[in-house]
file entry16.csv (CSV, C-alpha atoms and all ligand atoms)
chain,number,residue,atom,x,y,z
A,917,MET,CA,0.0,0.0,0.0
A,918,LYS,CA,1.8,3.0,-1.3
A,919,LEU,CA,0.3,5.4,1.2
A,920,LEU,CA,1.7,3.4,4.1
A,921,GLU,CA,5.1,2.9,2.4
A,922,ASP,CA,5.4,6.6,1.9
A,923,ARG,CA,4.7,7.4,5.5
A,924,ILE,CA,7.3,4.8,6.6
A,925,ARG,CA,9.8,6.3,4.3
A,926,THR,CA,9.3,9.9,5.4
A,927,GLU,CA,8.4,9.5,9.1
A,928,GLY,CA,9.9,6.1,10.1
A,929,THR,CA,13.3,5.7,11.7
A,930,VAL,CA,15.4,2.6,11.7
A,931,LYS,CA,16.9,1.7,15.0
A,932,PRO,CA,19.7,-0.7,15.7
A,933,GLY,CA,18.5,-4.3,16.2
A,934,ASP,CA,16.2,-4.3,13.2
A,935,VAL,CA,13.6,-2.1,15.0
A,936,LEU,CA,11.5,0.3,12.9
A,937,LYS,CA,10.0,3.3,14.9
A,938,VAL,CA,6.8,4.5,13.5
A,939,ASP,CA,5.5,6.4,16.6
A,940,ALA,CA,4.5,9.4,14.5
A,941,PHE,CA,1.5,7.6,13.0
A,942,LEU,CA,1.1,4.1,14.3
A,943,ASN,CA,2.6,3.2,17.7
A,944,HIS,CA,2.2,6.4,19.8
A,945,GLN,CA,0.4,9.1,17.8
A,946,CYS,CA,-2.3,7.5,15.7
A,947,ASP,CA,-3.2,8.8,12.3
A,948,VAL,CA,-6.9,7.7,12.2
A,949,ALA,CA,-7.3,8.7,8.5
A,950,LEU,CA,-4.5,6.4,7.6
A,951,PHE,CA,-5.9,3.6,9.8
A,952,ASP,CA,-9.2,4.1,7.9
A,953,LYS,CA,-7.4,3.6,4.5
A,954,MET,CA,-5.7,0.5,5.9
A,955,GLY,CA,-9.0,-0.9,7.0
A,956,GLU,CA,-10.5,-0.2,3.6
A,957,GLU,CA,-7.6,-2.0,1.9
A,958,TRP,CA,-7.9,-5.1,4.1
A,959,ALA,CA,-11.7,-5.1,3.4
A,960,ARG,CA,-10.9,-5.0,-0.3
A,961,LEU,CA,-8.3,-7.8,0.0
A,962,PHE,CA,-10.5,-10.0,2.1
A,963,VAL,CA,-13.7,-9.4,0.2
A,964,GLY,CA,-15.9,-12.5,0.1
A,965,THR,CA,-14.3,-13.9,3.2
A,966,ARG,CA,-16.5,-14.5,6.2
A,967,VAL,CA,-15.2,-12.5,9.2
A,968,ASP,CA,-17.3,-12.7,12.4
A,969,LYS,CA,-14.7,-11.1,14.6
A,970,ILE,CA,-11.3,-9.4,14.5
A,971,LEU,CA,-8.7,-10.5,17.0
A,972,THR,CA,-5.6,-8.4,17.9
A,973,ILE,CA,-3.2,-7.9,20.8
A,974,GLU,CA,-2.8,-4.9,23.1
A,975,ALA,CA,-1.7,-2.2,22.8
A,976,SER,CA,-0.9,-1.0,19.3
A,977,GLY,CA,-3.2,-3.5,17.5
A,978,ILE,CA,-6.3,-2.1,19.2
A,979,GLY,CA,-6.6,1.2,17.3
A,980,ILE,CA,-6.0,-0.3,13.9
A,981,ALA,CA,-8.3,-3.2,14.5
A,982,CYS,CA,-11.2,-1.0,15.7
A,983,VAL,CA,-10.9,1.3,12.7
A,984,ALA,CA,-10.6,-1.8,10.4
A,985,ALA,CA,-13.8,-3.3,11.9
A,986,ARG,CA,-15.8,-0.4,10.5
A,987,HIS,CA,-15.0,-1.8,7.1
A,988,PHE,CA,-16.0,-5.4,8.1
A,989,ASN,CA,-19.7,-4.6,9.0
A,990,ASN,CA,-18.7,-3.4,12.5
A,991,VAL,CA,-17.8,-6.9,13.7
A,992,PRO,CA,-16.5,-7.0,17.3
A,993,VAL,CA,-12.8,-6.6,18.0
A,994,VAL,CA,-11.3,-8.7,20.7
A,995,PHE,CA,-7.8,-8.0,22.0
A,996,ALA,CA,-5.6,-10.4,23.8
A,997,LYS,CA,-4.5,-8.9,27.1
A,998,LYS,CA,-1.0,-9.0,28.3
A,999,ALA,CA,-1.4,-10.5,31.8
A,1000,GLN,CA,0.8,-10.4,34.9
A,1001,SER,CA,0.4,-14.1,35.3
A,1002,ILE,CA,-1.8,-16.8,33.8
A,1003,ASN,CA,-4.8,-17.5,36.0
A,1004,LEU,CA,-5.7,-21.1,35.6
A,1005,ASP,CA,-9.3,-20.8,36.6
A,1006,GLY,CA,-10.5,-22.2,33.2
A,1007,GLU,CA,-12.2,-18.9,32.2
A,1008,GLN,CA,-9.5,-17.8,29.9
A,1009,TYR,CA,-7.5,-19.0,26.9
A,1010,SER,CA,-3.9,-18.3,27.6
A,1011,THR,CA,-0.5,-18.6,26.1
A,1012,SER,CA,2.9,-17.1,26.4
A,1013,ILE,CA,4.6,-14.9,23.8
A,1014,TYR,CA,8.2,-13.9,23.4
A,1015,SER,CA,8.4,-10.1,22.7
A,1016,PHE,CA,10.8,-9.0,20.0
A,1017,THR,CA,10.9,-5.4,21.2
A,1018,LYS,CA,11.0,-6.1,24.9
A,1019,GLN,CA,13.1,-9.3,24.5
A,1020,LYS,CA,11.2,-11.3,27.2
A,1021,GLU,CA,8.4,-13.8,27.5
A,1022,PHE,CA,5.0,-12.6,28.7
A,1023,PRO,CA,1.6,-14.3,29.3
A,1024,VAL,CA,-1.4,-13.3,27.2
A,1025,ILE,CA,-5.0,-14.1,27.8
A,1026,VAL,CA,-8.4,-14.0,26.1
A,1027,SER,CA,-11.6,-14.6,27.9
A,1028,LYS,CA,-13.5,-17.7,26.8
A,1029,LYS,CA,-16.6,-15.6,26.5
A,1030,TYR,CA,-15.3,-13.7,23.5
A,1031,LEU,CA,-14.0,-16.4,21.2
A,1032,ASN,CA,-16.6,-19.1,20.4
A,1033,GLU,CA,-16.0,-22.3,18.5
A,1034,GLY,CA,-16.8,-22.1,14.8
A,1035,GLU,CA,-16.4,-18.3,14.6
A,1036,HIS,CA,-14.4,-17.0,11.6
A,1037,VAL,CA,-11.7,-14.7,12.7
A,1038,LEU,CA,-9.4,-12.2,11.1
A,1039,ILE,CA,-6.2,-11.5,13.0
A,1040,VAL,CA,-4.9,-7.9,12.8
A,1041,ASP,CA,-1.7,-6.5,14.1
A,1042,ASP,CA,0.7,-3.6,13.6
A,1043,PHE,CA,3.9,-5.5,13.0
A,1044,LEU,CA,4.9,-8.9,11.9
A,1045,ALA,CA,8.6,-9.8,12.5
A,1046,ASN,CA,9.5,-13.3,13.6
A,1047,GLY,CA,5.9,-14.2,14.1
A,1048,ASN,CA,5.9,-15.0,17.8
A,1049,ALA,CA,3.0,-12.7,18.6
A,1050,LEU,CA,0.8,-14.1,15.8
A,1051,ASN,CA,1.8,-17.7,16.6
A,1052,GLY,CA,0.6,-17.0,20.2
A,1053,LEU,CA,-2.7,-15.7,18.9
A,1054,LEU,CA,-3.0,-18.7,16.6
A,1055,HIS,CA,-2.4,-21.0,19.5
A,1056,ILE,CA,-5.3,-19.4,21.3
A,1057,CYS,CA,-7.5,-19.6,18.2
A,1058,GLU,CA,-6.7,-23.3,17.8
A,1059,THR,CA,-7.6,-24.0,21.5
A,1060,ALA,CA,-10.9,-22.0,21.1
A,1061,GLY,CA,-11.8,-23.9,17.9
A,1062,VAL,CA,-12.2,-20.7,15.8
A,1063,ILE,CA,-11.4,-20.6,12.1
A,1064,VAL,CA,-8.6,-18.2,11.2
A,1065,GLU,CA,-9.4,-16.7,7.8
A,1066,GLY,CA,-6.1,-14.8,7.6
A,1067,PHE,CA,-3.9,-12.0,8.9
A,1068,GLY,CA,-4.1,-8.3,8.2
A,1069,ILE,CA,-0.8,-6.7,9.1
A,1070,ALA,CA,0.3,-3.1,8.8
A,1071,VAL,CA,4.1,-3.6,8.6
A,1072,GLU,CA,5.7,-6.9,7.9
A,1073,LYS,CA,9.5,-7.1,8.2
A,1074,GLY,CA,9.8,-9.7,5.5
A,1075,PHE,CA,13.5,-10.3,6.1
A,1076,GLN,CA,12.6,-11.8,9.6
A,1077,GLY,CA,10.6,-14.6,8.1
A,1078,GLY,CA,7.6,-14.8,10.3
A,1079,GLY,CA,5.2,-14.0,7.5
A,1080,ASP,CA,6.5,-16.5,5.0
A,1081,ALA,CA,6.5,-19.2,7.7
A,1082,LEU,CA,2.7,-18.5,8.2
A,1083,ARG,CA,2.2,-18.5,4.4
A,1084,LYS,CA,4.0,-21.9,4.1
A,1085,ARG,CA,1.5,-23.3,6.7
A,1086,GLY,CA,-1.3,-22.2,4.3
A,1087,TYR,CA,-2.4,-19.0,6.0
A,1088,ARG,CA,-3.3,-15.9,4.1
A,1089,VAL,CA,-1.1,-13.0,5.3
A,1090,GLU,CA,-1.9,-9.5,3.8
A,1091,SER,CA,0.7,-7.0,4.8
A,1092,LEU,CA,0.2,-3.5,3.7
A,1093,ALA,CA,3.9,-2.7,3.7
A,1094,ASN,CA,6.5,-5.4,3.5
A,1095,ILE,CA,10.0,-4.4,4.2
A,1096,ARG,CA,12.8,-6.2,2.3
A,1097,THR,CA,15.7,-4.4,3.9
A,1098,MET,CA,16.3,-1.6,6.3
A,1099,ASN,CA,19.6,0.0,7.4
A,1100,ALA,CA,20.0,1.7,10.8
A,1101,GLU,CA,23.1,3.6,9.6
A,1102,THR,CA,21.8,5.1,6.4
A,1103,GLY,CA,18.1,5.0,7.3
A,1104,ASP,CA,17.4,3.3,3.9
A,1105,ILE,CA,14.3,1.2,3.7
A,1106,GLU,CA,13.4,-1.0,0.8
A,1107,PHE,CA,10.0,-2.7,0.3
A,1108,ASN,CA,9.0,-6.0,-1.3
A,1109,SER,CA,6.4,-5.3,-4.0
A,1201,LIG,P1,7.1,-10.9,16.3
A,1201,LIG,O1,6.3,-11.5,17.4
A,1201,LIG,O2,6.4,-11.1,14.9
A,1201,LIG,O3,8.5,-11.2,16.3
A,1201,LIG,O4,7.0,-9.3,16.5
A,1201,LIG,C1,5.7,-8.7,16.4
A,1201,LIG,C2,5.5,-7.8,17.6
A,1201,LIG,O5,6.7,-7.1,18.1
A,1201,LIG,C3,4.5,-6.7,17.2
A,1201,LIG,O6,3.3,-6.9,17.8
A,1201,LIG,C4,5.2,-5.4,17.6
A,1201,LIG,O7,4.6,-4.9,18.8
A,1201,LIG,C5,6.6,-5.7,17.9
A,1201,LIG,N1,7.6,-5.4,16.9
A,1201,LIG,C6,8.4,-6.2,16.2
A,1201,LIG,N2,9.2,-5.6,15.4
A,1201,LIG,C7,8.9,-4.3,15.5
A,1201,LIG,C8,9.5,-3.1,15.0
A,1201,LIG,O8,10.4,-3.1,14.2
A,1201,LIG,N3,9.0,-1.9,15.3
A,1201,LIG,C9,7.9,-1.8,16.2
A,1201,LIG,N4,7.4,-0.6,16.5
A,1201,LIG,N5,7.4,-2.9,16.8
A,1201,LIG,C10,7.9,-4.1,16.5

call {"tool": "encode", "arguments": {"input": "entry16.csv", "output": "structure tokens", "more": "lines below"}}
Ligand code: 5GP
result
Amino acid sequence: MKLLEDRIRTEGTVKPGDVLKVDAFLNHQCDVALFDKMGEEWARLFVGTRVDKILTIEASGIGIACVAARHFNNVPVVFAKKAQSINLDGEQYSTSIYSFTKQKEFPVIVSKKYLNEGEHVLIVDDFLANGNALNGLLHICETAGVIVEGFGIAVEKGFQGGGDALRKRGYRVESLANIRTMNAETGDIEFNS
């Protein structure tokens, strides 16, 4: 999506450790008009696909998922919560996710009330790097018995391989910007078309 690629080129900064900072419009300040265009694009890409619910993970996924839902008949958005610890009371689906940016493992939970067996789910997130976050959400979806129709991702760092691993497993991954290379010294960013 050219609009998103242009914003990444002009406002994104490449940090050491393969981290792209896009706080100006995605991860701190939110450009709602851009989110709306992103939602419109996912709706175009997933046209004809049954989507009963959008699943994301806090915090940055929530804003984009909520705006995207407006383009999917206002389906509910459920976000996985980052928990302090996993409460084994049977009321929640839980898993543990390794964070690329924080470099530590953390538990995430979704209440059993909000994911029901047989529902068709679109998973939305801001970034896809190694795929740990999405694999965690997939694990929760498998346990819940929901059907994952695909992934709507804002920024995929293609060189980290998480997206292609999901595609190899047969999942549909629609990333609106897919980074081929980025360089912390020069600030150069190249996209896969
Ligand atoms: P993964 O689990 O695929 O390795 O990483 C995805 C998660 O890590 C995303 O939910 C996002 O929060 C964070 N993340 C990974 N890489 C980046 C990055 O380059 N920039 C930012 N802002 N977040 C990232």

call {"tool": "residues_around", "arguments": {"input": "entry16.csv", "residues": "Ile1025 (chain A)", "least_positions_apart": "3", "cutoff": "7 Å", "atoms": "all atoms listed in the file", "output": "list in words"}}
result
Ala996, Lys997, Lys998, Ala999, Gln1008, Tyr1009, Ser1010 and Thr1011 of chain A

call {"tool": "write_last_selection", "arguments": {"input": "entry16.csv", "atoms": "C-alpha atoms", "output": "compact mmCIF listing (two decimals), keeping the file's coordinate frame"}}
result
# COMPACT_ATOMS: atom_id res chain seq x y z
CA ALA A 996 -5.60 -10.40 23.80
CA LYS A 997 -4.50 -8.90 27.10
CA LYS A 998 -1.00 -9.00 28.30
CA ALA A 999 -1.40 -10.50 31.80
CA GLN A 1008 -9.50 -17.80 29.90
CA TYR A 1009 -7.50 -19.00 26.90
CA SER A 1010 -3.90 -18.30 27.60
CA THR A 1011 -0.50 -18.60 26.10

call {"tool": "closest_atom_pairs", "arguments": {"input": "entry16.csv", "of": "chain A", "to": "ligand LIG 1201 (chain A)", "cutoff": "7 Å", "atoms": "only C-alpha atoms and all ligand atoms", "output": "Markdown table"}}
result
| residue | atom | partner | partner_atom | distance |
| --- | --- | --- | --- | --- |
| A:Asp934 | CA | A:LIG1201 | O8 | 6.0 |
| A:Val935 | CA | A:LIG1201 | O8 | 3.4 |
| A:Leu936 | CA | A:LIG1201 | O8 | 3.8 |
| A:Lys937 | CA | A:LIG1201 | N4 | 5.0 |
| A:Val938 | CA | A:LIG1201 | N4 | 5.9 |
| A:Asn943 | CA | A:LIG1201 | N4 | 6.2 |
| A:Ser976 | CA | A:LIG1201 | O7 | 6.8 |
| A:Tyr1014 | CA | A:LIG1201 | O1 | 6.7 |
| A:Ser1015 | CA | A:LIG1201 | O5 | 5.7 |
| A:Phe1016 | CA | A:LIG1201 | O3 | 4.9 |
| A:Thr1017 | CA | A:LIG1201 | N1 | 5.4 |
| A:Asp1041 | CA | A:LIG1201 | O6 | 6.2 |
| A:Asp1042 | CA | A:LIG1201 | O6 | 5.9 |
| A:Phe1043 | CA | A:LIG1201 | C3 | 4.4 |
| A:Leu1044 | CA | A:LIG1201 | O2 | 4.0 |
| A:Ala1045 | CA | A:LIG1201 | O2 | 3.5 |
| A:Asn1046 | CA | A:LIG1201 | O3 | 3.6 |
| A:Gly1047 | CA | A:LIG1201 | O2 | 3.2 |
| A:Asn1048 | CA | A:LIG1201 | O1 | 3.5 |
| A:Ala1049 | CA | A:LIG1201 | O1 | 3.7 |
| A:Leu1050 | CA | A:LIG1201 | O1 | 6.3 |
| A:Gly1078 | CA | A:LIG1201 | O2 | 6.0 |

call {"tool": "closest_residue", "arguments": {"input": "entry16.csv", "among": "A:Ile1063, A:Val930, A:Phe962, A:Glu921", "to": "Ser1109 (chain A)", "atoms": "all atoms listed in the file"}}
result
A:Glu921

call {"tool": "closest_residue", "arguments": {"input": "entry16.csv", "among": "A:Glu1072, A:Glu1033, A:Glu974, A:Asp1104", "to": "Glu1090 (chain A)", "atoms": "all atoms listed in the file"}}
result
A:Glu1072

call {"tool": "closest_residue", "arguments": {"input": "entry16.csv", "among": "A:Thr1059, A:Ser1012, A:Asn1094, A:Asn1003", "to": "Glu1106 (chain A)", "atoms": "all atoms listed in the file"}}
result
A:Asn1094

call {"tool": "closest_residue", "arguments": {"input": "entry16.csv", "among": "A:Gly1006, A:Asn1099, A:Ala975, A:Val1040", "to": "Gly928 (chain A)", "atoms": "all atoms listed in the file"}}
result
A:Asn1099

call {"tool": "atom_distance", "arguments": {"input": "entry16.csv", "atom1": "CA of Ile1013 (chain A)", "atom2": "CA of His944 (chain A)"}}
result
21.8 Å

call {"tool": "closest_residue", "arguments": {"input": "entry16.csv", "among": "A:His987, A:Arg923, A:Lys1020, A:Lys953", "to": "Phe941 (chain A)", "atoms": "only C-alpha atoms"}}
result
A:Arg923

call {"tool": "atom_distance", "arguments": {"input": "entry16.csv", "atom1": "CA of Ile1039 (chain A)", "atom2": "CA of Ile1095 (chain A)"}}
result
19.8 Å

call {"tool": "closest_residue", "arguments": {"input": "entry16.csv", "among": "A:Glu956, A:Gln1000, A:Val991, A:Asp1005", "to": "Pro1023 (chain A)", "atoms": "only C-alpha atoms"}}
result
A:Gln1000
